[in-house]
Amino acid sequence: REERPQFDFGGQCTVSLKHRFVFVHVLKAGGSSLHEFFRRALCRPEGNKWQCADDVFRLRFCHAVVAEKELETFFWFSFVRHPFARAISAWRMALRPEFLHGQAVPFDRFAMDPTALQTQTRLMPMHWRPQNIFITTRGNCPVVDFIGKLERGGRFERDMKFVLERIGSQELLSQWKEHAFPHMNENEEVGDKSLAKSLIKGAVAVELYKRYEKDFALFGFDRHDT
């Protein structure tokens with residue numbers, strides 16, 4: 001990992017020294033739910049909080065983690081999401097009351113000109129920046145060992161199972177088998193294909209594909225699969 005990801009700010013990484021893994025959070029691709037999964041599996045509840053040993057579970061800014069040589073031999077992984085579904089998710093999050101401070105911006109306007117939303121919400125634009133900038137170098141080389149996909153139809157389950165078996169932690173495997181996966185910061189309608197089809201069409205679909213063309217190419221997503 002001599003080269004860094006293209007986007008230095010990024011999100012937070014889950015780091016476990018004990019279990020020798022680093023999860024790199026791509027914003028709006030299920031990262032909050034994955035952080036919570038690891039927290040529940042590796043930490044112990046104490047009242048309304050979780051007590052976590054620093055060597056077992058720790059959230060750190062990814063740009064600092066990537067620079068640490070002692071973590072290079074750890075298992076690094078991340079998850080990405082279909083760019084169209086992710087764009088809808090980011091747009092809906094930006095319109096939540098806790099973020100919106102101006103006028104609500106229709107999805108088609110956001111798709112054609114993201115700056116129109118940027119001036120109306122407190123949500124940082126990095127939430128709808130291309131996913132490749134979080135986990136690849138400018139030469140398109142991944143900075144992680146494995147990239148899973150947050151997709152329905154069993155793909156996420158297969159990828160998550162591979163990750164957990166690769167880590168080899170019984171705590172994580174038990175959490176996966178015995179408890180429901182936590183869904184944080186998500187609206188069920190985002191995964192509704194009828195909603196996506198109503199929003200992703202015509203000039204909107206063309207513009208979004210152009211914006212996220214590298215994500216489609218690097219991560220193997222189908223532009224016709226909404």
# chains A, B, ... in the order shown; residues from 1 in each chain; ligands from 1
call {"tool": "residues_around", "arguments": {"residues": "Val24 of chain A", "least_positions_apart": "2", "cutoff": "9 Å", "atoms": "only C-alpha atoms", "output": "PDB file with all heavy atoms, in the first residue's frame"}}
result
ATOM      1  N   GLY A  11     -13.853   8.185   5.115  1.00  0.00           N
ATOM      2  CA  GLY A  11     -14.638   7.907   6.298  1.00  0.00           C
ATOM      3  C   GLY A  11     -13.786   7.271   7.375  1.00  0.00           C
ATOM      4  O   GLY A  11     -12.570   7.457   7.421  1.00  0.00           O
ATOM      5  N   GLN A  12     -14.426   6.498   8.220  1.00  0.00           N
ATOM      6  CA  GLN A  12     -13.703   5.819   9.291  1.00  0.00           C
ATOM      7  C   GLN A  12     -13.497   4.356   8.957  1.00  0.00           C
ATOM      8  O   GLN A  12     -14.318   3.731   8.295  1.00  0.00           O
ATOM      9  CB  GLN A  12     -14.469   5.952  10.603  1.00  0.00           C
ATOM     10  CG  GLN A  12     -14.430   7.349  11.198  1.00  0.00           C
ATOM     11  CD  GLN A  12     -15.039   7.381  12.586  1.00  0.00           C
ATOM     12  OE1 GLN A  12     -16.121   6.862  12.811  1.00  0.00           O
ATOM     13  NE2 GLN A  12     -14.336   7.984  13.515  1.00  0.00           N
ATOM     14  N   CYS A  13     -12.400   3.827   9.424  1.00  0.00           N
ATOM     15  CA  CYS A  13     -12.082   2.410   9.267  1.00  0.00           C
ATOM     16  C   CYS A  13     -12.279   1.690  10.599  1.00  0.00           C
ATOM     17  O   CYS A  13     -11.979   2.246  11.659  1.00  0.00           O
ATOM     18  CB  CYS A  13     -10.630   2.237   8.835  1.00  0.00           C
ATOM     19  SG  CYS A  13     -10.295   2.615   7.113  1.00  0.00           S
ATOM     20  N   THR A  14     -12.776   0.467  10.532  1.00  0.00           N
ATOM     21  CA  THR A  14     -12.756  -0.411  11.692  1.00  0.00           C
ATOM     22  C   THR A  14     -11.418  -1.142  11.688  1.00  0.00           C
ATOM     23  O   THR A  14     -11.074  -1.793  10.698  1.00  0.00           O
ATOM     24  CB  THR A  14     -13.897  -1.445  11.647  1.00  0.00           C
ATOM     25  OG1 THR A  14     -15.153  -0.782  11.773  1.00  0.00           O
ATOM     26  CG2 THR A  14     -13.753  -2.453  12.787  1.00  0.00           C
ATOM     27  N   VAL A  15     -10.682  -1.032  12.785  1.00  0.00           N
ATOM     28  CA  VAL A  15      -9.370  -1.685  12.894  1.00  0.00           C
ATOM     29  C   VAL A  15      -9.398  -2.637  14.084  1.00  0.00           C
ATOM     30  O   VAL A  15      -9.772  -2.256  15.189  1.00  0.00           O
ATOM     31  CB  VAL A  15      -8.248  -0.646  13.091  1.00  0.00           C
ATOM     32  CG1 VAL A  15      -6.899  -1.341  13.215  1.00  0.00           C
ATOM     33  CG2 VAL A  15      -8.236   0.359  11.939  1.00  0.00           C
ATOM     34  N   VAL A  22      -8.755  -4.765   8.697  1.00  0.00           N
ATOM     35  CA  VAL A  22      -9.120  -3.358   8.542  1.00  0.00           C
ATOM     36  C   VAL A  22     -10.289  -3.286   7.570  1.00  0.00           C
ATOM     37  O   VAL A  22     -10.185  -3.763   6.428  1.00  0.00           O
ATOM     38  CB  VAL A  22      -7.955  -2.506   7.992  1.00  0.00           C
ATOM     39  CG1 VAL A  22      -8.413  -1.058   7.782  1.00  0.00           C
ATOM     40  CG2 VAL A  22      -6.752  -2.550   8.927  1.00  0.00           C
ATOM     41  N   VAL A  26     -16.592   2.841   2.668  1.00  0.00           N
ATOM     42  CA  VAL A  26     -17.024   3.655   1.525  1.00  0.00           C
ATOM     43  C   VAL A  26     -18.377   4.239   1.900  1.00  0.00           C
ATOM     44  O   VAL A  26     -19.313   3.498   2.187  1.00  0.00           O
ATOM     45  CB  VAL A  26     -17.145   2.810   0.239  1.00  0.00           C
ATOM     46  CG1 VAL A  26     -17.781   3.626  -0.881  1.00  0.00           C
ATOM     47  CG2 VAL A  26     -15.781   2.288  -0.189  1.00  0.00           C
ATOM     48  N   GLY A  31     -21.564   1.018   5.259  1.00  0.00           N
ATOM     49  CA  GLY A  31     -20.470   1.069   6.217  1.00  0.00           C
ATOM     50  C   GLY A  31     -20.891   1.228   7.654  1.00  0.00           C
ATOM     51  O   GLY A  31     -20.314   0.602   8.548  1.00  0.00           O
ATOM     52  N   CYS A  62      -9.663   6.682   8.048  1.00  0.00           N
ATOM     53  CA  CYS A  62      -8.991   5.793   7.099  1.00  0.00           C
ATOM     54  C   CYS A  62      -7.697   6.373   6.550  1.00  0.00           C
ATOM     55  O   CYS A  62      -6.737   5.632   6.307  1.00  0.00           O
ATOM     56  CB  CYS A  62      -9.933   5.456   5.947  1.00  0.00           C
ATOM     57  SG  CYS A  62     -11.336   4.421   6.430  1.00  0.00           S
ATOM     58  N   TRP A  76      -7.397  -6.469   4.562  1.00  0.00           N
ATOM     59  CA  TRP A  76      -8.112  -5.227   4.285  1.00  0.00           C
ATOM     60  C   TRP A  76      -9.285  -5.520   3.362  1.00  0.00           C
ATOM     61  O   TRP A  76      -9.129  -6.219   2.354  1.00  0.00           O
ATOM     62  CB  TRP A  76      -7.184  -4.223   3.599  1.00  0.00           C
ATOM     63  CG  TRP A  76      -6.099  -3.671   4.467  1.00  0.00           C
ATOM     64  CD1 TRP A  76      -5.091  -4.348   5.065  1.00  0.00           C
ATOM     65  CD2 TRP A  76      -5.914  -2.294   4.797  1.00  0.00           C
ATOM     66  NE1 TRP A  76      -4.279  -3.495   5.767  1.00  0.00           N
ATOM     67  CE2 TRP A  76      -4.756  -2.223   5.613  1.00  0.00           C
ATOM     68  CE3 TRP A  76      -6.597  -1.113   4.484  1.00  0.00           C
ATOM     69  CZ2 TRP A  76      -4.282  -1.019   6.126  1.00  0.00           C
ATOM     70  CZ3 TRP A  76      -6.124   0.087   4.981  1.00  0.00           C
ATOM     71  CH2 TRP A  76      -4.988   0.126   5.795  1.00  0.00           C
ATOM     72  N   PHE A  77     -10.443  -4.975   3.682  1.00  0.00           N
ATOM     73  CA  PHE A  77     -11.606  -5.208   2.818  1.00  0.00           C
ATOM     74  C   PHE A  77     -12.548  -4.017   2.854  1.00  0.00           C
ATOM     75  O   PHE A  77     -12.471  -3.149   3.726  1.00  0.00           O
ATOM     76  CB  PHE A  77     -12.341  -6.485   3.228  1.00  0.00           C
ATOM     77  CG  PHE A  77     -12.933  -6.453   4.606  1.00  0.00           C
ATOM     78  CD1 PHE A  77     -14.264  -6.112   4.818  1.00  0.00           C
ATOM     79  CD2 PHE A  77     -12.155  -6.767   5.713  1.00  0.00           C
ATOM     80  CE1 PHE A  77     -14.800  -6.075   6.090  1.00  0.00           C
ATOM     81  CE2 PHE A  77     -12.686  -6.734   6.999  1.00  0.00           C
ATOM     82  CZ  PHE A  77     -14.017  -6.391   7.181  1.00  0.00           C
ATOM     83  N   SER A  78     -13.429  -3.985   1.881  1.00  0.00           N
ATOM     84  CA  SER A  78     -14.422  -2.924   1.796  1.00  0.00           C
ATOM     85  C   SER A  78     -15.639  -3.444   1.056  1.00  0.00           C
ATOM     86  O   SER A  78     -15.602  -4.550   0.479  1.00  0.00           O
ATOM     87  CB  SER A  78     -13.842  -1.700   1.070  1.00  0.00           C
ATOM     88  OG  SER A  78     -14.734  -0.601   1.147  1.00  0.00           O
ATOM     89  N   PHE A  79     -16.707  -2.671   1.071  1.00  0.00           N
ATOM     90  CA  PHE A  79     -17.916  -3.011   0.322  1.00  0.00           C
ATOM     91  C   PHE A  79     -18.328  -1.816  -0.523  1.00  0.00           C
ATOM     92  O   PHE A  79     -18.179  -0.662  -0.101  1.00  0.00           O
ATOM     93  CB  PHE A  79     -19.059  -3.408   1.263  1.00  0.00           C
ATOM     94  CG  PHE A  79     -18.990  -4.840   1.717  1.00  0.00           C
ATOM     95  CD1 PHE A  79     -18.135  -5.210   2.745  1.00  0.00           C
ATOM     96  CD2 PHE A  79     -19.757  -5.823   1.105  1.00  0.00           C
ATOM     97  CE1 PHE A  79     -18.044  -6.529   3.162  1.00  0.00           C
ATOM     98  CE2 PHE A  79     -19.668  -7.153   1.514  1.00  0.00           C
ATOM     99  CZ  PHE A  79     -18.819  -7.504   2.549  1.00  0.00           C
ATOM    100  N   PHE A 134     -12.334   6.167  -2.769  1.00  0.00           N
ATOM    101  CA  PHE A 134     -12.111   5.762  -1.381  1.00  0.00           C
ATOM    102  C   PHE A 134     -11.152   4.583  -1.270  1.00  0.00           C
ATOM    103  O   PHE A 134     -10.482   4.423  -0.252  1.00  0.00           O
ATOM    104  CB  PHE A 134     -13.436   5.373  -0.719  1.00  0.00           C
ATOM    105  CG  PHE A 134     -14.389   6.504  -0.498  1.00  0.00           C
ATOM    106  CD1 PHE A 134     -15.321   6.844  -1.465  1.00  0.00           C
ATOM    107  CD2 PHE A 134     -14.365   7.241   0.681  1.00  0.00           C
ATOM    108  CE1 PHE A 134     -16.207   7.883  -1.267  1.00  0.00           C
ATOM    109  CE2 PHE A 134     -15.241   8.288   0.893  1.00  0.00           C
ATOM    110  CZ  PHE A 134     -16.175   8.612  -0.092  1.00  0.00           C
ATOM    111  N   ILE A 135     -11.115   3.724  -2.298  1.00  0.00           N
ATOM    112  CA  ILE A 135     -10.406   2.447  -2.141  1.00  0.00           C
ATOM    113  C   ILE A 135      -9.479   2.108  -3.296  1.00  0.00           C
ATOM    114  O   ILE A 135      -8.964   0.986  -3.362  1.00  0.00           O
ATOM    115  CB  ILE A 135     -11.398   1.279  -1.919  1.00  0.00           C
ATOM    116  CG1 ILE A 135     -12.457   1.243  -3.019  1.00  0.00           C
ATOM    117  CG2 ILE A 135     -12.025   1.368  -0.537  1.00  0.00           C
ATOM    118  CD1 ILE A 135     -13.393   0.041  -2.918  1.00  0.00           C
ATOM    119  N   VAL A 144      -7.243  -2.332  -0.969  1.00  0.00           N
ATOM    120  CA  VAL A 144      -7.783  -3.380  -0.105  1.00  0.00           C
ATOM    121  C   VAL A 144      -7.557  -4.732  -0.770  1.00  0.00           C
ATOM    122  O   VAL A 144      -7.307  -4.815  -1.972  1.00  0.00           O
ATOM    123  CB  VAL A 144      -9.294  -3.165   0.179  1.00  0.00           C
ATOM    124  CG1 VAL A 144      -9.509  -1.904   0.995  1.00  0.00           C
ATOM    125  CG2 VAL A 144     -10.099  -3.107  -1.114  1.00  0.00           C
TER     126      VAL A 144
END
call {"tool": "select_by_dssp", "arguments": {"residues": "chain A", "states": "strand (DSSP E)", "output": "PDB file with N, CA, C and O atoms, in the first residue's frame"}}
result
ATOM      1  N   GLN A  12     -14.426   6.498   8.220  1.00  0.00           N
ATOM      2  CA  GLN A  12     -13.703   5.819   9.291  1.00  0.00           C
ATOM      3  C   GLN A  12     -13.497   4.356   8.957  1.00  0.00           C
ATOM      4  O   GLN A  12     -14.318   3.731   8.295  1.00  0.00           O
ATOM      5  N   CYS A  13     -12.400   3.827   9.424  1.00  0.00           N
ATOM      6  CA  CYS A  13     -12.082   2.410   9.267  1.00  0.00           C
ATOM      7  C   CYS A  13     -12.279   1.690  10.599  1.00  0.00           C
ATOM      8  O   CYS A  13     -11.979   2.246  11.659  1.00  0.00           O
ATOM      9  N   THR A  14     -12.776   0.467  10.532  1.00  0.00           N
ATOM     10  CA  THR A  14     -12.756  -0.411  11.692  1.00  0.00           C
ATOM     11  C   THR A  14     -11.418  -1.142  11.688  1.00  0.00           C
ATOM     12  O   THR A  14     -11.074  -1.793  10.698  1.00  0.00           O
ATOM     13  N   VAL A  15     -10.682  -1.032  12.785  1.00  0.00           N
ATOM     14  CA  VAL A  15      -9.370  -1.685  12.894  1.00  0.00           C
ATOM     15  C   VAL A  15      -9.398  -2.637  14.084  1.00  0.00           C
ATOM     16  O   VAL A  15      -9.772  -2.256  15.189  1.00  0.00           O
ATOM     17  N   SER A  16      -8.998  -3.872  13.839  1.00  0.00           N
ATOM     18  CA  SER A  16      -8.862  -4.843  14.928  1.00  0.00           C
ATOM     19  C   SER A  16      -7.450  -5.408  14.905  1.00  0.00           C
ATOM     20  O   SER A  16      -7.086  -6.158  13.996  1.00  0.00           O
ATOM     21  N   PHE A  21      -7.559  -7.275  11.014  1.00  0.00           N
ATOM     22  CA  PHE A  21      -8.307  -6.828   9.837  1.00  0.00           C
ATOM     23  C   PHE A  21      -8.548  -5.325   9.891  1.00  0.00           C
ATOM     24  O   PHE A  21      -8.542  -4.706  10.953  1.00  0.00           O
ATOM     25  N   VAL A  22      -8.755  -4.765   8.697  1.00  0.00           N
ATOM     26  CA  VAL A  22      -9.120  -3.358   8.542  1.00  0.00           C
ATOM     27  C   VAL A  22     -10.289  -3.286   7.570  1.00  0.00           C
ATOM     28  O   VAL A  22     -10.185  -3.763   6.428  1.00  0.00           O
ATOM     29  N   PHE A  23     -11.397  -2.728   8.028  1.00  0.00           N
ATOM     30  CA  PHE A  23     -12.539  -2.495   7.147  1.00  0.00           C
ATOM     31  C   PHE A  23     -12.532  -1.034   6.722  1.00  0.00           C
ATOM     32  O   PHE A  23     -12.570  -0.137   7.555  1.00  0.00           O
ATOM     33  N   VAL A  24     -12.479  -0.788   5.408  1.00  0.00           N
ATOM     34  CA  VAL A  24     -12.451   0.567   4.869  1.00  0.00           C
ATOM     35  C   VAL A  24     -13.871   0.966   4.474  1.00  0.00           C
ATOM     36  O   VAL A  24     -14.486   0.330   3.618  1.00  0.00           O
ATOM     37  N   ARG A  44     -18.509  -5.418  24.454  1.00  0.00           N
ATOM     38  CA  ARG A  44     -19.532  -5.842  25.410  1.00  0.00           C
ATOM     39  C   ARG A  44     -20.406  -4.653  25.804  1.00  0.00           C
ATOM     40  O   ARG A  44     -19.908  -3.533  25.975  1.00  0.00           O
ATOM     41  N   PRO A  45     -21.711  -4.886  25.911  1.00  0.00           N
ATOM     42  CA  PRO A  45     -22.607  -3.791  26.275  1.00  0.00           C
ATOM     43  C   PRO A  45     -22.450  -3.403  27.742  1.00  0.00           C
ATOM     44  O   PRO A  45     -22.240  -4.259  28.610  1.00  0.00           O
ATOM     45  N   GLU A  46     -22.532  -2.127  27.999  1.00  0.00           N
ATOM     46  CA  GLU A  46     -22.481  -1.622  29.362  1.00  0.00           C
ATOM     47  C   GLU A  46     -23.452  -0.437  29.442  1.00  0.00           C
ATOM     48  O   GLU A  46     -23.119   0.672  29.044  1.00  0.00           O
ATOM     49  N   LYS A  49     -24.140   1.870  26.258  1.00  0.00           N
ATOM     50  CA  LYS A  49     -22.926   2.019  25.468  1.00  0.00           C
ATOM     51  C   LYS A  49     -22.236   0.668  25.286  1.00  0.00           C
ATOM     52  O   LYS A  49     -22.589  -0.325  25.898  1.00  0.00           O
ATOM     53  N   TRP A  50     -21.249   0.677  24.406  1.00  0.00           N
ATOM     54  CA  TRP A  50     -20.427  -0.506  24.180  1.00  0.00           C
ATOM     55  C   TRP A  50     -19.023  -0.243  24.677  1.00  0.00           C
ATOM     56  O   TRP A  50     -18.452   0.809  24.398  1.00  0.00           O
ATOM     57  N   GLN A  51     -18.487  -1.202  25.413  1.00  0.00           N
ATOM     58  CA  GLN A  51     -17.117  -1.106  25.896  1.00  0.00           C
ATOM     59  C   GLN A  51     -16.222  -1.956  24.994  1.00  0.00           C
ATOM     60  O   GLN A  51     -16.405  -3.169  24.887  1.00  0.00           O
ATOM     61  N   ARG A  58     -11.621  -0.690  17.058  1.00  0.00           N
ATOM     62  CA  ARG A  58     -11.382   0.741  17.146  1.00  0.00           C
ATOM     63  C   ARG A  58     -11.747   1.411  15.834  1.00  0.00           C
ATOM     64  O   ARG A  58     -11.399   0.911  14.757  1.00  0.00           O
ATOM     65  N   LEU A  59     -12.470   2.527  15.899  1.00  0.00           N
ATOM     66  CA  LEU A  59     -12.779   3.318  14.721  1.00  0.00           C
ATOM     67  C   LEU A  59     -11.713   4.395  14.549  1.00  0.00           C
ATOM     68  O   LEU A  59     -11.436   5.144  15.484  1.00  0.00           O
ATOM     69  N   ARG A  60     -11.141   4.449  13.346  1.00  0.00           N
ATOM     70  CA  ARG A  60     -10.098   5.437  13.077  1.00  0.00           C
ATOM     71  C   ARG A  60     -10.310   6.015  11.691  1.00  0.00           C
ATOM     72  O   ARG A  60     -10.875   5.357  10.810  1.00  0.00           O
ATOM     73  N   PHE A  61      -9.839   7.238  11.473  1.00  0.00           N
ATOM     74  CA  PHE A  61      -9.941   7.822  10.147  1.00  0.00           C
ATOM     75  C   PHE A  61      -9.073   7.031   9.178  1.00  0.00           C
ATOM     76  O   PHE A  61      -7.897   6.755   9.437  1.00  0.00           O
ATOM     77  N   PHE A  75      -5.686  -8.205   6.903  1.00  0.00           N
ATOM     78  CA  PHE A  75      -6.680  -8.403   5.845  1.00  0.00           C
ATOM     79  C   PHE A  75      -7.500  -7.122   5.715  1.00  0.00           C
ATOM     80  O   PHE A  75      -8.209  -6.730   6.629  1.00  0.00           O
ATOM     81  N   TRP A  76      -7.397  -6.469   4.562  1.00  0.00           N
ATOM     82  CA  TRP A  76      -8.112  -5.227   4.285  1.00  0.00           C
ATOM     83  C   TRP A  76      -9.285  -5.520   3.362  1.00  0.00           C
ATOM     84  O   TRP A  76      -9.129  -6.219   2.354  1.00  0.00           O
ATOM     85  N   PHE A  77     -10.443  -4.975   3.682  1.00  0.00           N
ATOM     86  CA  PHE A  77     -11.606  -5.208   2.818  1.00  0.00           C
ATOM     87  C   PHE A  77     -12.548  -4.017   2.854  1.00  0.00           C
ATOM     88  O   PHE A  77     -12.471  -3.149   3.726  1.00  0.00           O
ATOM     89  N   SER A  78     -13.429  -3.985   1.881  1.00  0.00           N
ATOM     90  CA  SER A  78     -14.422  -2.924   1.796  1.00  0.00           C
ATOM     91  C   SER A  78     -15.639  -3.444   1.056  1.00  0.00           C
ATOM     92  O   SER A  78     -15.602  -4.550   0.479  1.00  0.00           O
ATOM     93  N   PHE A  79     -16.707  -2.671   1.071  1.00  0.00           N
ATOM     94  CA  PHE A  79     -17.916  -3.011   0.322  1.00  0.00           C
ATOM     95  C   PHE A  79     -18.328  -1.816  -0.523  1.00  0.00           C
ATOM     96  O   PHE A  79     -18.179  -0.662  -0.101  1.00  0.00           O
ATOM     97  N   VAL A  80     -18.813  -2.107  -1.726  1.00  0.00           N
ATOM     98  CA  VAL A  80     -19.323  -1.073  -2.612  1.00  0.00           C
ATOM     99  C   VAL A  80     -20.780  -1.391  -2.951  1.00  0.00           C
ATOM    100  O   VAL A  80     -21.265  -2.485  -2.672  1.00  0.00           O
ATOM    101  N   PHE A 146      -9.888  -7.240  -0.631  1.00  0.00           N
ATOM    102  CA  PHE A 146     -11.162  -7.801  -1.098  1.00  0.00           C
ATOM    103  C   PHE A 146     -12.215  -6.698  -1.132  1.00  0.00           C
ATOM    104  O   PHE A 146     -12.298  -5.881  -0.210  1.00  0.00           O
ATOM    105  N   ILE A 147     -13.019  -6.682  -2.202  1.00  0.00           N
ATOM    106  CA  ILE A 147     -14.110  -5.724  -2.341  1.00  0.00           C
ATOM    107  C   ILE A 147     -15.407  -6.500  -2.508  1.00  0.00           C
ATOM    108  O   ILE A 147     -15.608  -7.197  -3.511  1.00  0.00           O
ATOM    109  N   GLY A 148     -16.276  -6.427  -1.496  1.00  0.00           N
ATOM    110  CA  GLY A 148     -17.577  -7.072  -1.574  1.00  0.00           C
ATOM    111  C   GLY A 148     -18.620  -6.118  -2.122  1.00  0.00           C
ATOM    112  O   GLY A 148     -18.373  -4.931  -2.304  1.00  0.00           O
ATOM    113  N   LYS A 149     -19.815  -6.664  -2.381  1.00  0.00           N
ATOM    114  CA  LYS A 149     -20.890  -5.850  -2.942  1.00  0.00           C
ATOM    115  C   LYS A 149     -22.123  -5.893  -2.041  1.00  0.00           C
ATOM    116  O   LYS A 149     -22.544  -6.962  -1.592  1.00  0.00           O
TER     117      LYS A 149
END
call {"tool": "select_by_dssp", "arguments": {"residues": "segment 80-124 of chain A", "states": "helix (DSSP H, G or I)", "output": "list in words"}}
result
Pro83, Phe84, Ala85, Arg86, Ala87, Ile88, Ser89, Ala90, Trp91, Arg92, Met93, Ala94, Phe107, Asp108, Arg109, Phe110, Ala111, Met112, Thr115, Ala116, Leu117 and Gln118 of chain A
call {"tool": "atom_distance", "arguments": {"atom1": "atom CA of Arg158 of chain A", "atom2": "atom CA of Thr136 of chain A"}}
result
22.7 Å
call {"tool": "residues_around", "arguments": {"residues": "Ser33 of chain A", "least_positions_apart": "5", "cutoff": "12 Å", "atoms": "only C-alpha atoms", "output": "PyMOL selection string"}}
result
chain A and resi 14+23+25-28+38-40+79+150+180-186
call {"tool": "atom_distance", "arguments": {"atom1": "atom CA of Gly202 of chain A", "atom2": "atom CA of Thr119 of chain A"}}
result
25.2 Å
call {"tool": "residues_around", "arguments": {"residues": "Leu208 of chain A", "least_positions_apart": "4", "cutoff": "7 Å", "atoms": "only C-alpha atoms", "output": "ChimeraX atom specification"}}
result
/A:111,204,212
call {"tool": "closest_residue", "arguments": {"among": "A:Gly30, A:Gly47, A:Gly220, A:Gly102", "to": "Ala116 of chain A", "atoms": "only C-alpha atoms"}}
result
A:Gly102
